[in-house]
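**Student:** Dropping the structure in here first, questions after.
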Amino acid sequence: MHNPLPRFLDPHLTSELDCSFSLALSGLIGYAQAAVQAPFGFKTAEQPAQAVIDTDDHDYALEPRPRFSRKIIAVGDIHGVVDENNNWSGKVDVLVQTGDIIDRGDDTIELFNWMEDLREQALAVNGIVLSVLGNHEYMNAIGDWRYVLESEKKTFEPRESRLQAVTTGWLADAWAENYTTATRLPLHGLLGPPNTDYPAPEGSVFARANAGPLSHAAFSFVHGGLAPTYPNLQPFPSAINNLGASLLHRLRERKPQPQPHPPSSYPGLPAGTTREEARLYGGDGPLWYRGWADEDEKKVCRLVDDVLEKTGTRRMVMGHTPQFDGIAARCNGKVLIIDTGISHAYGGPLSALSIEYTLEPVKGGGWKEQEIVKALYADHDDELLAVSTRDLENLW
């Protein structure tokens with residue numbers, strides 16, 4: 001089997017993220033190391049004077065105000081094969097996977113079991129695994145099995161149990177409990193835990209921070225993309241996730257469950273599906289939209305700020321549309337497309353997105369905020385995609 005150990009995740013070859021994320025999921029599966037900081041609270045650095053931000057313009061003092069940092073790794077469409085056993089064991093705060101684990105490969109059972117194991121291991125050391133559903137997960141729940149390999153069906157015993165697994169069984173349970181259709185990931189704990197809504201509801205303990213200087217210090221993660229024309233962008237992400245949950249519930253409740261297509265006819269969405277649920281699964285919904293990747297960059301860049309403003313984010317991350325030359329950054333890094341076709345079905349470059357966020361106290365008052373976004377590759381040098389630095393007088 002294909003079993004590379006990417007350079008950027010080999011603990012013997014990199015100190016870049018101080019993490020070992022052994023990717024072998026059809027070319028990308030890993031264990032993200034986590035002897036982590038508590039990811040959604042402050043932790044004072046042992047040597048706060050040694051700032052991550054290197055500048056001659058500010059003097060960082062040894063003072064009680066805490067230095068905050070967060071490290072995030074995101075990986076795109078896997079569609080793959082698991083080659084080895086992997087465990088969470090290093091210094092990453094959050095791992096995000098943007099869907100399409102299923103189809104085009106044989107190891108569906110092992111991959112999803114691995115995700116649940118990794119989720120538990122991460123939580124035990126204050127790490128977090130965030131999982132987004134892709135269009136292929138929804139396709140399997142609907143009964144659209146055009147990309148399911150015959151060899152994969154044989155891994156379910158009995159073979160007929162696959163239909164139950166993806167509609168009402170263990171896989172459907174995992175998707176309902178541990179996966180969302182959209183994710184808003186705040187970069188700082190003051191904004192709340194993952195999937196804290198923007199705008200924050202009235203009376204929320206996070207409302208003040210989400211209306212202050214840090215309000216948009218967050219990333220969005222979906223599988224396809226957040227189309228400018230999509231009507232359910234607020235509150236983000238619950239408007240989308242509530243629709244996803246209700247559609248998955250309708251799919252589970254079909255009795256009897258339709259036989260999959262092929263060889264049976266395409267079953268379509270279940271009776272009673274609302275217009276909004278159908279729009280979620282439509283061409284400009286977050287599962288299928290490709291405009292940020294495929295349309296003229298000048299055109300999409302005129303539209304991106306409006307979507308970011310509505311969703312309370314600075315950058316949007318998506319998979320779905322393979323970028324065989326590597327992770328694509330458009331609109332000055334506001335649009336990040338991380339599906340590089342890593343599965344055996346495509347043979348694209350092994351890659352992951354790295355996000356490093358720091359908030360440093362400045363001597364005399366104020367803060368220095370920095371984001372560093374990189375594309376990490378197994379077979380060539382990492383690529384700096386975006387750097388953003390801001391001076392803040394206060395955090396409120």
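Letters A, B, ... mark the chains of the structure tokens in the order given; residue numbers begin at 1 per chain; ligand numbers begin at 1, in order shown.
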List every residue of region 189-388 of chain A that DSSP, applied to the backbone of this structure, places in strand (DSSP E or B), and write the result as a ChimeraX atom specification.
**Tutor:** /A:198,218-222,236,261,315-318,328-330,335-337,351-361,367-377,383-388
**Student:** Tell me, as a list in words, which residues lie within 7 Å of Val75 (chain A), counting only C-alpha atoms; anything in the same chain fewer than 2 positions away does not count.
**Tutor:**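 Final neighbour list, sorted by chain and number: Ile73, Val96, Gln97, Thr98, Ile338, Ala352 and Leu353 of chain A.
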**Student:** When you look at region 114-119 of chain A with a cut-off of 7 Å (counting only C-alpha atoms), what residues show up, excluding the ones that are within fewer than 2 positions of it in the same chain? I need them as a list in words.
**Tutor:**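 Counting only C-alpha atoms, the residues come to Asn87, Trp88, Glu110, Leu111, Phe112, Gln121, Ala122, Leu123, Ile128 and Val129 of chain A.
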**Student:** Smallest atom-to-atom distance to Ser388 (chain A): which of A:Asp296, A:Asp107, A:Asn232, A:Ala217, using only C-alpha atoms?
**Tutor:**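 Closest residue, counting only C-alpha atoms: A:Ala217.
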**Student:** What does the structure give for the distance between CA of Ala218 (chain A) and CA of Trp292 (chain A), in Å to one decimal?
**Tutor:**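 Straight-line distance from CA of Ala218 (chain A) to CA of Trp292 (chain A) works out to 18.6 Å.
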**Student:** Give me the residues near Tyr147 (chain A) as an mmCIF file with N, CA, C and O atoms, in the first residue's frame, where near means some atom within 10 Å (using only C-alpha atoms) and where sequence neighbours in that chain fewer than 2 positions away do not count.
**Tutor:**
```cif
data_model
loop_
_atom_site.group_PDB
_atom_site.id
_atom_site.type_symbol
_atom_site.label_atom_id
_atom_site.label_comp_id
_atom_site.auth_asym_id
_atom_site.auth_seq_id
_atom_site.Cartn_x
_atom_site.Cartn_y
_atom_site.Cartn_z
ATOM 1 N N HIS A 79 -11.353 10.462 0.587
ATOM 2 C CA HIS A 79 -11.736 9.439 -0.395
ATOM 3 C C HIS A 79 -10.723 8.297 -0.399
ATOM 4 O O HIS A 79 -10.260 7.884 -1.453
ATOM 5 N N ILE A 102 -15.850 9.292 2.696
ATOM 6 C CA ILE A 102 -16.441 8.109 2.095
ATOM 7 C C ILE A 102 -16.342 8.147 0.571
ATOM 8 O O ILE A 102 -16.111 9.197 -0.022
ATOM 9 N N ASP A 103 -16.470 6.970 -0.067
ATOM 10 C CA ASP A 103 -16.502 6.760 -1.523
ATOM 11 C C ASP A 103 -15.094 6.734 -2.122
ATOM 12 O O ASP A 103 -14.149 7.331 -1.589
ATOM 13 N N ARG A 104 -15.001 6.034 -3.258
ATOM 14 C CA ARG A 104 -13.782 5.912 -4.061
ATOM 15 C C ARG A 104 -12.649 5.162 -3.363
ATOM 16 O O ARG A 104 -11.518 5.177 -3.839
ATOM 17 N N GLY A 105 -12.913 4.531 -2.226
ATOM 18 C CA GLY A 105 -11.906 3.758 -1.517
ATOM 19 C C GLY A 105 -12.565 2.633 -0.748
ATOM 20 O O GLY A 105 -13.794 2.576 -0.626
ATOM 21 N N HIS A 136 -20.530 13.695 -0.428
ATOM 22 C CA HIS A 136 -20.550 12.239 -0.576
ATOM 23 C C HIS A 136 -21.144 11.548 0.649
ATOM 24 O O HIS A 136 -21.769 10.488 0.502
ATOM 25 N N MET A 139 -24.765 11.977 -0.043
ATOM 26 C CA MET A 139 -25.160 11.097 -1.141
ATOM 27 C C MET A 139 -25.417 9.678 -0.645
ATOM 28 O O MET A 139 -26.408 9.041 -1.041
ATOM 29 N N ASN A 140 -24.544 9.186 0.204
ATOM 30 C CA ASN A 140 -24.724 7.834 0.718
ATOM 31 C C ASN A 140 -25.973 7.728 1.576
ATOM 32 O O ASN A 140 -26.696 6.720 1.516
ATOM 33 N N ASP A 144 -27.604 7.565 -3.074
ATOM 34 C CA ASP A 144 -26.855 7.783 -4.314
ATOM 35 C C ASP A 144 -25.474 7.166 -4.137
ATOM 36 O O ASP A 144 -24.570 7.781 -3.564
ATOM 37 N N TRP A 145 -25.324 5.951 -4.642
ATOM 38 C CA TRP A 145 -24.101 5.186 -4.411
ATOM 39 C C TRP A 145 -23.259 5.056 -5.685
ATOM 40 O O TRP A 145 -22.533 4.083 -5.866
ATOM 41 N N LEU A 149 -17.376 1.792 -4.349
ATOM 42 C CA LEU A 149 -16.718 0.676 -5.028
ATOM 43 C C LEU A 149 -17.322 -0.649 -4.586
ATOM 44 O O LEU A 149 -17.694 -0.829 -3.425
ATOM 45 N N GLU A 150 -17.396 -1.586 -5.526
ATOM 46 C CA GLU A 150 -17.879 -2.927 -5.184
ATOM 47 C C GLU A 150 -16.991 -3.563 -4.122
ATOM 48 O O GLU A 150 -17.467 -4.250 -3.225
ATOM 49 N N PRO A 262 -26.795 3.098 -8.083
ATOM 50 C CA PRO A 262 -27.415 1.981 -8.788
ATOM 51 C C PRO A 262 -27.413 0.710 -7.934
ATOM 52 O O PRO A 262 -26.720 0.712 -6.909
#
```
**Student:** Find the residues around region 249-260 of chain A up to 7 Å (only C-alpha atoms counted), leave out those fewer than 4 positions away in its own chain, and share them as a PyMOL selection string.
**Tutor:** chain A and resi 141-145+167-168+245+264+267+270
**Student:** What does the file look like for those residues with N, CA and C atoms, as a CSV table (one decimal), in the first residue's frame?
**Tutor:**
```csv
chain,number,residue,atom,x,y,z
A,141,ALA,N,-26.3,8.7,2.4
A,141,ALA,CA,-27.5,8.7,3.2
A,141,ALA,C,-28.7,8.8,2.3
A,142,ILE,N,-28.7,9.5,1.2
A,142,ILE,CA,-29.8,9.6,0.3
A,142,ILE,C,-30.0,8.3,-0.4
A,143,GLY,N,-29.0,7.6,-0.7
A,143,GLY,CA,-29.1,6.4,-1.5
A,143,GLY,C,-28.4,6.5,-2.9
A,144,ASP,N,-27.6,7.6,-3.1
A,144,ASP,CA,-26.9,7.8,-4.3
A,144,ASP,C,-25.5,7.2,-4.1
A,145,TRP,N,-25.3,6.0,-4.6
A,145,TRP,CA,-24.1,5.2,-4.4
A,145,TRP,C,-23.3,5.1,-5.7
A,167,THR,N,-27.8,4.8,6.8
A,167,THR,CA,-29.1,5.4,6.9
A,167,THR,C,-29.6,5.5,8.3
A,168,THR,N,-29.5,4.4,9.0
A,168,THR,CA,-30.1,4.4,10.4
A,168,THR,C,-29.1,3.8,11.4
A,245,ALA,N,-29.2,19.0,10.0
A,245,ALA,CA,-29.7,18.0,11.0
A,245,ALA,C,-31.1,17.6,10.6
A,264,SER,N,-30.8,0.3,-8.3
A,264,SER,CA,-32.2,0.8,-8.3
A,264,SER,C,-32.2,2.3,-8.8
A,267,PRO,N,-33.3,7.6,-5.6
A,267,PRO,CA,-34.5,7.8,-4.7
A,267,PRO,C,-34.8,9.3,-4.4
A,270,PRO,N,-36.2,12.9,0.6
A,270,PRO,CA,-37.4,12.3,1.1
A,270,PRO,C,-38.6,13.1,1.0
```
**Student:** Using only C-alpha atoms, which protein or nucleic acid residues come within 8 Å of Tyr179 (chain A)? Drop anything in the same chain fewer than 4 positions from it, and give the result as a list in words.
**Tutor:** Leu130, Ser131, Val132, Leu133, Ala174 and Trp175 of chain A
**Student:** I need the chosen residues saved as a short mmCIF file (atom, residue, chain, number, x, y, z; two decimals), in the first residue's frame, with C-alpha atoms.
**Tutor:**
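Okay, selection12.cif is ready:
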```cif
data_model
loop_
_atom_site.label_atom_id
_atom_site.label_comp_id
_atom_site.auth_asym_id
_atom_site.auth_seq_id
_atom_site.Cartn_x
_atom_site.Cartn_y
_atom_site.Cartn_z
CA LEU A 130 -14.01 19.02 14.10
CA SER A 131 -15.64 17.01 11.33
CA VAL A 132 -17.61 18.46 8.42
CA LEU A 133 -19.92 16.40 6.24
CA ALA A 174 -21.84 9.30 14.07
CA TRP A 175 -22.81 11.83 11.39
#
```
**Student:** Tell me, in Å to one decimal, how far CA of Val92 (chain A) is from CA of His320 (chain A).
**Tutor:** 24.2 Å
**Student:** Restricting the calculation to only C-alpha atoms: of A:Thr313, A:Ser151, A:Ser246, A:Thr273, which residue gets closest to Ser220 (chain A)?
**Tutor:**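 Ranked by minimum distance to Ser220 (chain A), first place goes to A:Thr313.
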